[in-house]
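Q: Okay, so here is run_9.tsv, and as you'll see once you scroll down, it has TSV, C-alpha atoms.
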chain	number	residue	atom	x	y	z
A	1	MET	CA	25.44	-92.22	-21.39
A	2	ALA	CA	22.60	-90.11	-22.82
A	3	ASN	CA	23.40	-87.84	-25.74
A	4	GLU	CA	21.00	-86.51	-28.35
A	5	ASP	CA	23.81	-86.27	-30.91
A	6	LEU	CA	25.22	-89.74	-30.22
A	7	GLY	CA	23.31	-91.39	-33.08
A	8	LYS	CA	24.31	-88.74	-35.62
A	9	THR	CA	27.95	-88.96	-34.58
A	10	LEU	CA	27.90	-92.75	-34.71
A	11	ARG	CA	26.43	-92.74	-38.22
A	12	ARG	CA	28.93	-90.13	-39.45
A	13	LEU	CA	31.95	-92.01	-38.06
A	14	ARG	CA	30.69	-95.32	-39.41
A	15	ARG	CA	30.31	-93.86	-42.90
A	16	LEU	CA	33.74	-92.23	-42.71
A	17	ALA	CA	35.13	-95.69	-41.90
A	18	SER	CA	33.24	-97.12	-44.93
A	19	LEU	CA	31.50	-99.67	-42.72
A	20	ARG	CA	28.00	-101.07	-43.02
A	21	GLN	CA	26.05	-101.44	-39.79
A	22	GLU	CA	26.55	-105.19	-39.94
A	23	GLU	CA	30.31	-104.76	-40.34
A	24	LEU	CA	30.51	-102.41	-37.36
A	25	ALA	CA	28.50	-104.90	-35.33
A	26	GLU	CA	30.97	-107.66	-36.20
A	27	ARG	CA	33.99	-105.46	-35.39
A	28	SER	CA	32.63	-104.14	-32.11
A	29	GLY	CA	30.59	-107.04	-30.78
A	30	VAL	CA	27.59	-104.70	-30.40
A	31	SER	CA	24.35	-105.98	-31.91
A	32	VAL	CA	23.12	-104.55	-35.21
A	33	ASP	CA	19.82	-103.75	-33.54
A	34	VAL	CA	21.47	-101.50	-30.94
A	35	ILE	CA	23.49	-99.71	-33.65
A	36	ARG	CA	20.34	-99.16	-35.73
A	37	GLN	CA	18.38	-97.86	-32.76
A	38	LEU	CA	21.14	-95.40	-31.88
A	39	GLU	CA	21.57	-94.13	-35.43
A	40	GLN	CA	17.81	-93.80	-35.99
A	41	GLY	CA	17.33	-91.87	-32.76
A	42	ARG	CA	15.11	-94.57	-31.23
A	43	LYS	CA	17.74	-95.07	-28.55
A	44	HIS	CA	19.58	-92.09	-27.04
A	45	SER	CA	21.80	-93.78	-24.48
A	46	ALA	CA	24.31	-96.56	-24.06
A	47	ARG	CA	26.48	-97.83	-21.24
A	48	LEU	CA	30.19	-97.09	-21.25
A	49	PRO	CA	31.22	-100.67	-22.16
A	50	THR	CA	29.00	-100.44	-25.25
A	51	LEU	CA	30.47	-97.06	-26.19
A	52	HIS	CA	34.00	-98.41	-25.66
A	53	ALA	CA	33.24	-101.30	-27.99
A	54	LEU	CA	31.76	-99.05	-30.68
A	55	ALA	CA	34.71	-96.66	-30.51
A	56	ASN	CA	37.17	-99.56	-30.83
A	57	GLY	CA	35.20	-100.96	-33.75
A	58	LEU	CA	35.35	-97.58	-35.48
A	59	GLY	CA	39.06	-97.14	-34.71
A	60	VAL	CA	38.53	-93.84	-32.88
A	61	GLU	CA	39.02	-92.56	-29.35
A	62	LEU	CA	36.01	-92.75	-27.08
A	63	THR	CA	35.96	-88.96	-26.77
A	64	THR	CA	35.58	-88.72	-30.56
A	65	LEU	CA	32.35	-90.70	-30.31
A	66	LEU	CA	31.10	-88.82	-27.26
A	67	GLY	CA	32.16	-85.40	-28.50
A	68	ASP	CA	35.38	-83.69	-27.43
A	69	PRO	CA	35.24	-81.14	-24.62
A	70	PRO	CA	35.27	-77.50	-25.77
A	71	ALA	CA	38.75	-76.14	-26.31
A	72	VAL	CA	37.92	-72.54	-25.43
A	73	SER	CA	36.10	-70.81	-22.63
A	74	ALA	CA	32.36	-71.21	-22.94
A	75	THR	CA	31.65	-68.41	-25.43
A	76	GLY	CA	30.48	-70.92	-28.01
A	77	GLU	CA	32.49	-69.19	-30.74
A	78	ASN	CA	34.68	-71.87	-32.26
A	79	ASP	CA	35.03	-69.68	-35.35
A	80	GLY	CA	34.75	-66.30	-33.68
A	81	PRO	CA	37.07	-63.36	-34.45
A	82	ARG	CA	39.88	-64.73	-32.32
A	83	PHE	CA	40.04	-68.00	-34.20
A	84	VAL	CA	39.69	-66.22	-37.55
A	85	ALA	CA	42.84	-64.30	-36.60
A	86	VAL	CA	44.63	-67.60	-36.01
A	87	ARG	CA	43.50	-68.83	-39.43
A	88	ARG	CA	44.85	-65.70	-41.09
A	89	ALA	CA	48.16	-66.07	-39.27
A	90	ILE	CA	48.53	-69.69	-40.39
A	91	MET	CA	47.41	-68.93	-43.96
A	92	PRO	CA	48.18	-65.31	-44.93
A	93	ALA	CA	46.04	-63.97	-47.77
A	94	PHE	CA	47.21	-64.55	-51.34
A	95	TRP	CA	49.12	-61.62	-52.84
A	96	GLY	CA	49.63	-60.20	-49.38
A	97	ALA	CA	52.70	-58.15	-48.56
A	98	ALA	CA	55.91	-60.07	-47.88
A	99	PRO	CA	57.08	-59.98	-44.25
A	100	GLU	CA	59.29	-57.05	-43.40
A	101	PRO	CA	62.45	-57.50	-41.30
A	102	SER	CA	62.05	-57.10	-37.55
A	103	GLY	CA	62.31	-53.60	-36.15
A	104	PRO	CA	65.01	-52.33	-33.77
A	105	GLY	CA	62.96	-53.19	-30.66
A	106	PHE	CA	62.61	-56.86	-31.56
A	107	SER	CA	64.21	-59.49	-29.29
A	108	MET	CA	64.50	-63.10	-30.41
A	109	ASN	CA	65.06	-64.21	-26.83
A	110	SER	CA	61.83	-62.49	-25.80
A	111	LEU	CA	59.91	-64.16	-28.65
A	112	ARG	CA	61.26	-67.59	-27.72
A	113	GLU	CA	60.21	-66.97	-24.11
A	114	GLN	CA	56.69	-65.98	-25.17
A	115	ILE	CA	56.27	-69.06	-27.36
A	116	ALA	CA	57.61	-71.30	-24.57
A	117	ASP	CA	55.08	-69.73	-22.19
A	118	GLY	CA	52.43	-70.42	-24.83
A	119	TRP	CA	53.23	-74.13	-24.73
A	120	THR	CA	52.91	-74.09	-20.93
A	121	GLN	CA	49.53	-72.37	-21.24
A	122	TYR	CA	48.44	-74.89	-23.86
A	123	HIS	CA	49.29	-77.83	-21.57
A	124	SER	CA	47.30	-76.07	-18.83
A	125	ALA	CA	44.28	-75.94	-21.20
A	126	GLU	CA	44.38	-72.12	-21.39
A	127	PHE	CA	43.44	-72.28	-25.07
A	128	ASP	CA	41.74	-68.90	-25.25
A	129	THR	CA	44.86	-67.18	-23.90
A	130	VAL	CA	47.05	-68.96	-26.45
A	131	MET	CA	44.74	-68.08	-29.35
A	132	LYS	CA	44.85	-64.42	-28.44
A	133	ALA	CA	48.65	-64.30	-28.64
A	134	LEU	CA	49.34	-66.74	-31.51
A	135	PRO	CA	48.83	-64.32	-34.45
A	136	ASN	CA	51.42	-61.91	-33.03
A	137	TRP	CA	53.94	-64.68	-32.34
A	138	ILE	CA	53.59	-66.04	-35.87
A	139	SER	CA	53.85	-62.56	-37.38
A	140	ASP	CA	56.94	-61.69	-35.33
A	141	ALA	CA	58.60	-64.98	-36.26
A	142	ARG	CA	57.89	-64.42	-39.97
A	143	SER	CA	59.47	-60.99	-39.72
A	144	ALA	CA	62.55	-62.54	-38.14
A	145	THR	CA	62.89	-64.88	-41.14
A	146	ALA	CA	63.33	-61.80	-43.35
A	147	SER	CA	66.50	-60.76	-41.52
A	148	GLY	CA	69.65	-60.13	-43.53
A	149	ARG	CA	71.84	-62.31	-41.31
A	150	ASP	CA	71.81	-66.07	-41.86
A	151	ASP	CA	71.90	-66.99	-38.16
A	152	GLU	CA	69.00	-64.64	-37.39
A	153	ARG	CA	66.96	-66.04	-40.28
A	154	ARG	CA	67.50	-69.59	-39.05
A	155	ALA	CA	66.52	-68.59	-35.52
A	156	GLY	CA	63.43	-66.93	-36.98
A	157	PHE	CA	62.47	-70.10	-38.86
A	158	ALA	CA	62.92	-72.13	-35.64
A	159	ALA	CA	60.56	-69.76	-33.78
A	160	LEU	CA	58.11	-69.86	-36.68
A	161	GLY	CA	58.14	-73.66	-36.66
A	162	LYS	CA	57.34	-73.81	-32.93
A	163	ALA	CA	54.60	-71.17	-33.23
A	164	LEU	CA	52.96	-72.94	-36.19
A	165	GLN	CA	53.26	-76.27	-34.37
A	166	LEU	CA	51.44	-74.73	-31.42
A	167	ALA	CA	48.80	-73.33	-33.77
A	168	GLY	CA	48.33	-76.83	-35.17
A	169	HIS	CA	47.72	-78.22	-31.69
A	170	VAL	CA	45.17	-75.51	-30.92
A	171	ALA	CA	43.41	-76.20	-34.23
A	172	VAL	CA	43.12	-79.89	-33.32
A	173	ARG	CA	41.58	-78.95	-29.97
A	174	MET	CA	39.07	-76.83	-31.89
A	175	GLY	CA	38.15	-79.82	-34.04
A	176	LYS	CA	39.81	-78.32	-37.15
A	177	THR	CA	42.19	-81.14	-38.05
A	178	ASP	CA	42.58	-80.15	-41.72
A	179	LEU	CA	43.63	-76.64	-40.68
A	180	ALA	CA	45.98	-78.25	-38.15
A	181	LEU	CA	47.70	-80.24	-40.91
A	182	ILE	CA	48.13	-77.09	-42.99
A	183	SER	CA	49.76	-75.37	-40.04
A	184	LEU	CA	51.98	-78.37	-39.32
A	185	GLU	CA	53.05	-78.70	-42.95
A	186	ARG	CA	54.15	-75.06	-42.90
A	187	ALA	CA	55.87	-75.69	-39.58
A	188	ILE	CA	57.80	-78.57	-41.18
A	189	ASP	CA	58.89	-76.27	-44.00
A	190	ALA	CA	60.10	-73.72	-41.44
A	191	ALA	CA	61.92	-76.43	-39.49
A	192	GLY	CA	63.83	-77.40	-42.64
A	193	GLN	CA	65.20	-73.85	-42.85
A	194	SER	CA	66.18	-73.68	-39.18
A	195	SER	CA	69.31	-75.06	-37.54
A	196	ASP	CA	67.44	-77.14	-34.93
A	197	PRO	CA	67.75	-80.87	-35.74
A	198	LEU	CA	65.03	-81.78	-33.22
A	199	LEU	CA	62.35	-79.43	-34.53
A	200	LEU	CA	61.36	-81.52	-37.56
A	201	PRO	CA	60.79	-84.79	-35.63
A	202	MET	CA	58.83	-82.89	-32.96
A	203	ILE	CA	56.48	-81.49	-35.60
A	204	VAL	CA	56.23	-84.92	-37.23
A	205	ASN	CA	55.02	-86.23	-33.87
A	206	SER	CA	52.32	-83.53	-33.81
A	207	THR	CA	51.36	-84.55	-37.34
A	208	ALA	CA	51.09	-88.20	-36.28
A	209	TRP	CA	48.79	-87.17	-33.44
A	210	THR	CA	46.61	-85.24	-35.89
A	211	TYR	CA	46.47	-88.25	-38.23
A	212	GLN	CA	45.29	-90.31	-35.25
A	213	ARG	CA	42.51	-87.82	-34.64
A	214	GLN	CA	41.44	-88.32	-38.25
A	215	GLY	CA	41.53	-92.10	-37.97
A	216	ARG	CA	44.58	-92.35	-40.27
A	217	LEU	CA	46.30	-94.86	-38.00
A	218	GLU	CA	48.61	-96.44	-40.60
A	219	ASP	CA	49.87	-93.01	-41.65
A	220	ALA	CA	50.39	-92.00	-38.03
A	221	TRP	CA	52.29	-95.21	-37.29
A	222	ALA	CA	54.50	-94.91	-40.38
A	223	ILE	CA	55.67	-91.34	-39.88
A	224	ALA	CA	56.22	-91.73	-36.12
A	225	CYS	CA	58.31	-94.90	-36.59
A	226	ARG	CA	60.33	-93.41	-39.43
A	227	ALA	CA	61.11	-90.21	-37.49
A	228	ALA	CA	62.08	-92.21	-34.38
A	229	ASP	CA	64.37	-94.48	-36.42
A	230	ASP	CA	65.94	-91.48	-38.16
A	231	MET	CA	66.69	-89.90	-34.78
A	232	ALA	CA	68.29	-93.06	-33.43
A	233	ASN	CA	70.37	-93.57	-36.59
A	234	ALA	CA	71.58	-89.96	-36.44
A	235	GLY	CA	72.69	-90.32	-32.83
A	236	HIS	CA	70.22	-87.73	-31.53
A	237	THR	CA	69.17	-89.88	-28.56
A	238	ASP	CA	72.44	-89.18	-26.72
A	239	THR	CA	71.07	-85.95	-25.22
A	240	ALA	CA	68.11	-85.45	-22.89
A	241	ASP	CA	66.19	-83.37	-25.43
A	242	GLY	CA	66.85	-85.81	-28.24
A	243	LEU	CA	65.76	-88.78	-26.14
A	244	LYS	CA	62.56	-86.94	-25.17
A	245	VAL	CA	61.65	-86.38	-28.80
A	246	TRP	CA	62.45	-90.01	-29.68
A	247	GLY	CA	60.36	-91.17	-26.72
A	248	ALA	CA	57.37	-89.07	-27.67
A	249	LEU	CA	57.48	-90.50	-31.19
A	250	THR	CA	57.70	-94.04	-29.84
A	251	MET	CA	54.67	-93.46	-27.58
A	252	SER	CA	52.77	-92.03	-30.53
A	253	ALA	CA	53.54	-95.12	-32.63
A	254	ALA	CA	52.42	-97.34	-29.73
A	255	THR	CA	49.10	-95.50	-29.53
A	256	SER	CA	48.54	-96.08	-33.26
A	257	ALA	CA	49.31	-99.77	-32.81
A	258	ALA	CA	46.85	-100.08	-29.94
A	259	ARG	CA	44.10	-98.30	-31.82
A	260	SER	CA	44.75	-100.60	-34.79
A	261	GLY	CA	44.01	-103.58	-32.54
A	262	ASP	CA	47.57	-104.65	-31.65
A	263	TYR	CA	47.53	-103.91	-27.93
A	264	THR	CA	50.29	-106.45	-27.17
A	265	ARG	CA	52.71	-104.72	-29.55
A	266	ALA	CA	51.75	-101.34	-28.14
A	267	ALA	CA	52.32	-102.48	-24.56
A	268	THR	CA	55.77	-103.83	-25.48
A	269	MET	CA	56.73	-100.54	-27.12
A	270	MET	CA	55.58	-98.61	-24.05
A	271	GLU	CA	57.60	-100.84	-21.74
A	272	THR	CA	60.68	-100.11	-23.86
A	273	ALA	CA	59.90	-96.39	-23.79
A	274	GLU	CA	59.58	-96.39	-20.00
A	275	LYS	CA	62.98	-98.06	-19.60
A	276	GLU	CA	64.56	-95.49	-21.94
A	277	ALA	CA	62.85	-92.62	-20.11
A	278	ALA	CA	64.90	-93.47	-17.03
A	279	ARG	CA	67.98	-92.29	-18.96
A	280	VAL	CA	66.66	-88.74	-19.46
A	281	SER	CA	67.83	-87.43	-16.09
A	282	LYS	CA	71.33	-88.85	-16.69
A	283	LEU	CA	71.93	-87.11	-20.03
A	284	PRO	CA	73.04	-83.54	-20.82
A	285	ASP	CA	70.08	-81.15	-20.57
A	286	GLY	CA	69.45	-78.97	-23.62
A	287	GLY	CA	67.79	-76.06	-21.83
A	288	ASP	CA	64.14	-74.95	-21.91
A	289	ASN	CA	61.97	-78.03	-21.40
A	290	ARG	CA	58.86	-76.08	-22.38
A	291	MET	CA	59.92	-76.23	-26.04
A	292	VAL	CA	60.64	-79.98	-26.14
A	293	SER	CA	58.39	-83.04	-26.29
A	294	VAL	CA	56.99	-84.36	-23.02
A	295	PHE	CA	58.81	-87.59	-22.13
A	296	SER	CA	59.65	-88.88	-18.66
A	297	PRO	CA	58.98	-92.02	-16.62
A	298	SER	CA	55.81	-90.33	-15.36
A	299	SER	CA	54.50	-89.38	-18.80
A	300	VAL	CA	55.14	-92.87	-20.18
A	301	ARG	CA	53.35	-94.49	-17.25
A	302	ILE	CA	50.38	-92.14	-17.75
A	303	GLU	CA	50.20	-93.17	-21.40
A	304	ARG	CA	50.44	-96.85	-20.47
A	305	VAL	CA	47.49	-96.39	-18.10
A	306	ARG	CA	45.54	-94.67	-20.84
A	307	LEU	CA	46.16	-97.41	-23.40
A	308	ALA	CA	45.28	-100.14	-20.90
A	309	VAL	CA	41.96	-98.61	-19.94
A	310	GLN	CA	41.02	-97.62	-23.50
A	311	TYR	CA	41.64	-101.05	-24.93
A	312	GLY	CA	39.94	-103.26	-22.41
A	313	HIS	CA	42.58	-103.92	-19.74
A	314	PRO	CA	41.28	-101.98	-16.70
A	315	GLN	CA	43.02	-104.20	-14.16
A	316	ASP	CA	46.35	-103.54	-15.88
A	317	ALA	CA	45.57	-99.82	-15.82
A	318	LEU	CA	44.94	-99.83	-12.07
A	319	ALA	CA	48.08	-101.85	-11.43
A	320	LEU	CA	50.16	-99.40	-13.47
A	321	ALA	CA	48.65	-96.38	-11.69
A	322	ARG	CA	49.00	-97.77	-8.17
A	323	GLY	CA	51.62	-95.88	-6.18
A	324	MET	CA	52.64	-93.70	-9.15
A	325	ARG	CA	54.62	-90.58	-8.31
A	326	LEU	CA	54.44	-87.84	-10.90
A	327	SER	CA	57.53	-85.81	-11.72
A	328	LYS	CA	57.43	-82.02	-11.37
A	329	ASP	CA	57.59	-81.50	-15.13
A	330	THR	CA	54.38	-83.47	-15.77
A	331	PRO	CA	51.94	-81.00	-17.39
A	332	PRO	CA	48.69	-80.36	-15.46
A	333	SER	CA	46.61	-81.66	-18.37
A	334	TRP	CA	48.38	-85.03	-18.16
A	335	ARG	CA	47.60	-85.24	-14.43
A	336	THR	CA	43.90	-84.63	-15.02
A	337	TRP	CA	43.77	-87.21	-17.83
A	338	LEU	CA	45.36	-89.77	-15.51
A	339	LEU	CA	42.65	-89.26	-12.89
A	340	LEU	CA	39.94	-89.60	-15.52
A	341	ASP	CA	41.48	-92.80	-16.89
A	342	VAL	CA	41.77	-94.29	-13.40
A	343	ALA	CA	38.11	-93.43	-12.77
A	344	ARG	CA	37.23	-95.23	-16.02
A	345	ALA	CA	39.22	-98.28	-14.95
A	346	HIS	CA	37.46	-98.43	-11.56
A	347	THR	CA	34.10	-98.15	-13.33
A	348	ASP	CA	34.97	-100.94	-15.76
A	349	THR	CA	35.96	-103.26	-12.92
A	350	GLY	CA	32.76	-102.54	-10.99
A	351	ASP	CA	34.47	-100.58	-8.22
A	352	ALA	CA	32.01	-97.69	-7.96
A	353	ALA	CA	33.48	-96.42	-4.69
A	354	GLY	CA	36.96	-96.26	-6.21
A	355	ALA	CA	35.61	-94.40	-9.23
A	356	VAL	CA	33.86	-91.82	-7.02
A	357	LYS	CA	36.96	-91.29	-4.91
A	358	THR	CA	39.05	-90.66	-8.03
A	359	LEU	CA	36.43	-88.34	-9.53
A	360	GLU	CA	36.38	-86.35	-6.28
A	361	SER	CA	40.14	-85.84	-6.70
A	362	LEU	CA	39.58	-84.78	-10.31
A	363	ARG	CA	36.97	-82.24	-9.20
A	364	ARG	CA	39.41	-80.73	-6.74
A	365	VAL	CA	42.25	-80.29	-9.24
A	366	ALA	CA	40.31	-79.43	-12.43
A	367	PRO	CA	36.67	-78.53	-11.72
A	368	THR	CA	35.99	-76.54	-14.90
A	369	TRP	CA	37.72	-79.11	-17.12
A	370	MET	CA	35.67	-81.87	-15.50
A	371	GLN	CA	32.37	-80.06	-16.02
A	372	HIS	CA	33.01	-79.75	-19.75
A	373	HIS	CA	34.44	-83.21	-20.33
A	374	THR	CA	31.92	-85.55	-21.93
A	375	LEU	CA	33.72	-88.65	-20.66
A	376	ALA	CA	33.62	-87.47	-17.03
A	377	VAL	CA	29.90	-86.88	-17.41
A	378	ALA	CA	29.47	-90.32	-19.02
A	379	ILE	CA	31.20	-92.05	-16.11
A	380	VAL	CA	29.05	-90.28	-13.53
A	381	ARG	CA	25.90	-91.08	-15.52
A	382	ASP	CA	26.83	-94.76	-15.52
A	383	LEU	CA	27.47	-94.69	-11.77
A	384	TRP	CA	24.20	-92.83	-11.20
A	385	ALA	CA	22.31	-95.60	-13.02
A	386	LEU	CA	23.47	-98.16	-10.44
A	387	PRO	CA	20.85	-99.34	-7.93
A	388	ASN	CA	23.08	-98.44	-4.97
A	389	HIS	CA	24.88	-95.10	-5.03
A	390	PRO	CA	28.27	-95.05	-3.31
A	391	PRO	CA	28.96	-92.22	-0.83
A	392	GLY	CA	29.95	-89.00	-2.54
A	393	LEU	CA	28.23	-89.71	-5.85
A	394	ARG	CA	25.29	-87.34	-5.34
A	395	PRO	CA	27.44	-84.18	-4.98
A	396	LEU	CA	29.33	-85.16	-8.14
A	397	ALA	CA	26.08	-85.76	-10.04
A	398	GLU	CA	24.70	-82.40	-8.92
A	399	PHE	CA	27.96	-80.68	-9.87
A	400	LEU	CA	27.72	-82.10	-13.39
A	401	GLY	CA	24.01	-81.42	-13.73
A	402	ILE	CA	22.93	-85.06	-13.51
A	403	GLY	CA	19.71	-85.56	-11.52
A	404	GLU	CA	17.24	-88.21	-10.55
Go ahead and express the file in the form of structure tokens.

A:
Amino acid sequence: MANEDLGKTLRRLRRLASLRQEELAERSGVSVDVIRQLEQGRKHSARLPTLHALANGLGVELTTLLGDPPAVSATGENDGPRFVAVRRAIMPAFWGAAPEPSGPGFSMNSLREQIADGWTQYHSAEFDTVMKALPNWISDARSATASGRDDERRAGFAALGKALQLAGHVAVRMGKTDLALISLERAIDAAGQSSDPLLLPMIVNSTAWTYQRQGRLEDAWAIACRAADDMANAGHTDTADGLKVWGALTMSAATSAARSGDYTRAATMMETAEKEAARVSKLPDGGDNRMVSVFSPSSVRIERVRLAVQYGHPQDALALARGMRLSKDTPPSWRTWLLLDVARAHTDTGDAAGAVKTLESLRRVAPTWMQHHTLAVAIVRDLWALPNHPPGLRPLAEFLGIGE
């Protein structure tokens, strides 16, 4: 994988982890000399196994080391006017006017539908579309919280919580994790004033995910486990929606365990989650699945594949993925991640032909996403460096701009 910014990113992440080069070498199993050459710009490339090892030693996802794919269409304006509007919606100006009650044309059902559609668009990676609408959704929800009727105010706070949670997710995708935490903290406050008992743990799960992105693995583990235990103790896992939220929290805690080096514990938790996910279809359905955490046998299996391939168990990943049938409610973004993880597993096991075949499938279902994803490019670069190119590799290399 060649990347002019790789050395700078490696040095920044190492310093954030308070590690000396020698300590990172010991943690990752990568020689001090290689780390020095990368950080000093004397070496601009590394093979995927080396990058995997460095990412594990730093306690970050591989995509954090490589550079996350852009979260918006290729305008290059991460902080352009549209995102500034999202910032202002999350954090209204000091001494600004208090929200006024909703007007006569306002419909809470319509607002809920719009926010639910926003979550669908988010899972489809339509981030620019979501950003355009978010300020209005947040503003409308705040107005609803100023209603004179208690039930309408609580419904308004529930809508505000979901809109701010969505804004937090978009901020993470933009690389603005501190802004995401601000949005999620305000979402938690809104959830406390709503009448939805599942909203708070759902936002806690989003917060745990954001902590993971910041490398705060112990914090992510602690809040996800506590929220999952609270749900179980309160009897909220007796409905489909409640079990989905519990399951998402459990998967989040497992991810934190794996990234902290305890893959065995993580795998056990995921096995438990997959068994529990089988109960979802047998429990009373709460309604709009777009507003609830993603949790099904398919989603758990996808996460198990991801953990296996990320933490050095590619054969396990391929075994888990073999013959998998995805449920209809599996978001498109999860499907594309699965294909990418399977391609990584094939690459790690030396099956270049299998990797190419999987990447061809990925190109068919998500061509634009693939072009922008640094990990997809890294896999193809590694395959391109092989002495014998498997059939189909050249078109993929040309598609991603990788030449002789």

Q: Tell me which of A:Lys132, A:Arg363, A:Arg154, A:His372 sits closest to Val84 (chain A), counting only C-alpha atoms.

A: A:Lys132

Q: With all atoms listed in the file as the counted atoms, please give the residues lying no more than 12 Å from Arg11 (chain A), apart from itself and same-chain residues fewer than 3 positions off, as a ChimeraX atom specification.

A: /A:5-8,14-21,24,35-41,54-55,58,65

Q: Give me the residues near Ala277 (chain A) as number ranges by chain, where near means some atom within 9 Å (using only C-alpha atoms) and where sequence neighbours in that chain fewer than 2 positions away do not count.

A: A: 243-244, 247, 272-275, 279-281, 295-298, 300

Q: Next, write the just-selected residues to a file, as a short mmCIF file (atom, residue, chain, number, x, y, z; two decimals), in the frame of the given file, keeping C-alpha atoms as the atom set.

A:
data_model
loop_
_atom_site.label_atom_id
_atom_site.label_comp_id
_atom_site.auth_asym_id
_atom_site.auth_seq_id
_atom_site.Cartn_x
_atom_site.Cartn_y
_atom_site.Cartn_z
CA LEU A 243 65.76 -88.78 -26.14
CA LYS A 244 62.56 -86.94 -25.17
CA GLY A 247 60.36 -91.17 -26.72
CA THR A 272 60.68 -100.11 -23.86
CA ALA A 273 59.90 -96.39 -23.79
CA GLU A 274 59.58 -96.39 -20.00
CA LYS A 275 62.98 -98.06 -19.60
CA ARG A 279 67.98 -92.29 -18.96
CA VAL A 280 66.66 -88.74 -19.46
CA SER A 281 67.83 -87.43 -16.09
CA PHE A 295 58.81 -87.59 -22.13
CA SER A 296 59.65 -88.88 -18.66
CA PRO A 297 58.98 -92.02 -16.62
CA SER A 298 55.81 -90.33 -15.36
CA VAL A 300 55.14 -92.87 -20.18
#

Q: Report the distance between CA of Thr255 (chain A) and CA of Ala208 (chain A) in Å, rounded to one decimal place.

A: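 Rounded to one decimal, the two atoms are 10.1 Å apart.
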
Q: What's the separation between CA of Ala180 (chain A) and CA of Gly80 (chain A), in Å to one decimal place?

A: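 A separation of 17.0 Å between them.
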
Q: Which residue is closest to Asp329 (chain A)? Choose from A:His123, A:Leu362, A:Asp230, A:Pro391 and count all atoms listed in the file.

A: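 Of A:His123, A:Leu362, A:Asp230, A:Pro391, the one nearest Asp329 (chain A) is A:His123, counting all atoms listed in the file.
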
Q: Between A:Met202, A:Met131, A:Val292, A:Met324, which one has atoms that come closest to Ala240 (chain A), using all atoms listed in the file?

A: A:Val292

Q: Taking a cut-off of 12 Å and counting only C-alpha atoms, can you build a table that, for each residue of region 147-174 of chain A near region 95-109 of chain A, reports the nearest atom pair and how far apart they are in Å (one decimal), sorted by chain then residue number, as a tab-separated table?

A:
residue	atom	partner	partner_atom	distance
A:Ser147	CA	A:Pro101	CA	5.2
A:Gly148	CA	A:Pro101	CA	8.0
A:Arg149	CA	A:Pro101	CA	10.6
A:Asp151	CA	A:Met108	CA	11.4
A:Glu152	CA	A:Met108	CA	8.4
A:Arg153	CA	A:Pro101	CA	9.7
A:Arg154	CA	A:Met108	CA	11.2
A:Ala155	CA	A:Met108	CA	7.8
A:Gly156	CA	A:Met108	CA	7.7
A:Phe157	CA	A:Met108	CA	11.2
A:Ala158	CA	A:Met108	CA	10.6
A:Ala159	CA	A:Met108	CA	8.4
A:Leu160	CA	A:Met108	CA	11.2

Q: Is there a way to complete region 28-38 of chain A with N, CA and C atoms and then write that out as a PDB file, in the frame of the given file?

A:
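Final file, part-v3.pdb:
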ATOM      1  N   SER A  28      32.756-104.638 -33.474  1.00  0.00           N
ATOM      2  CA  SER A  28      32.630-104.140 -32.110  1.00  0.00           C
ATOM      3  C   SER A  28      32.027-105.136 -31.135  1.00  0.00           C
ATOM      4  N   GLY A  29      31.292-106.126 -31.662  1.00  0.00           N
ATOM      5  CA  GLY A  29      30.590-107.040 -30.780  1.00  0.00           C
ATOM      6  C   GLY A  29      29.295-106.470 -30.231  1.00  0.00           C
ATOM      7  N   VAL A  30      28.865-105.323 -30.779  1.00  0.00           N
ATOM      8  CA  VAL A  30      27.590-104.700 -30.400  1.00  0.00           C
ATOM      9  C   VAL A  30      26.548-105.119 -31.432  1.00  0.00           C
ATOM     10  N   SER A  31      25.357-105.461 -30.995  1.00  0.00           N
ATOM     11  CA  SER A  31      24.350-105.980 -31.910  1.00  0.00           C
ATOM     12  C   SER A  31      23.947-104.948 -32.959  1.00  0.00           C
ATOM     13  N   VAL A  32      23.579-105.426 -34.138  1.00  0.00           N
ATOM     14  CA  VAL A  32      23.120-104.550 -35.210  1.00  0.00           C
ATOM     15  C   VAL A  32      21.890-103.776 -34.760  1.00  0.00           C
ATOM     16  N   ASP A  33      21.044-104.412 -33.982  1.00  0.00           N
ATOM     17  CA  ASP A  33      19.820-103.750 -33.540  1.00  0.00           C
ATOM     18  C   ASP A  33      20.126-102.526 -32.682  1.00  0.00           C
ATOM     19  N   VAL A  34      21.096-102.643 -31.778  1.00  0.00           N
ATOM     20  CA  VAL A  34      21.470-101.500 -30.940  1.00  0.00           C
ATOM     21  C   VAL A  34      22.040-100.378 -31.804  1.00  0.00           C
ATOM     22  N   ILE A  35      22.909-100.720 -32.764  1.00  0.00           N
ATOM     23  CA  ILE A  35      23.490 -99.710 -33.650  1.00  0.00           C
ATOM     24  C   ILE A  35      22.395 -99.005 -34.438  1.00  0.00           C
ATOM     25  N   ARG A  36      21.430 -99.760 -34.967  1.00  0.00           N
ATOM     26  CA  ARG A  36      20.340 -99.160 -35.730  1.00  0.00           C
ATOM     27  C   ARG A  36      19.502 -98.233 -34.852  1.00  0.00           C
ATOM     28  N   GLN A  37      19.189 -98.684 -33.641  1.00  0.00           N
ATOM     29  CA  GLN A  37      18.380 -97.860 -32.760  1.00  0.00           C
ATOM     30  C   GLN A  37      19.073 -96.559 -32.408  1.00  0.00           C
ATOM     31  N   LEU A  38      20.387 -96.617 -32.183  1.00  0.00           N
ATOM     32  CA  LEU A  38      21.140 -95.400 -31.880  1.00  0.00           C
ATOM     33  C   LEU A  38      21.147 -94.454 -33.074  1.00  0.00           C
TER      34      LEU A  38
END
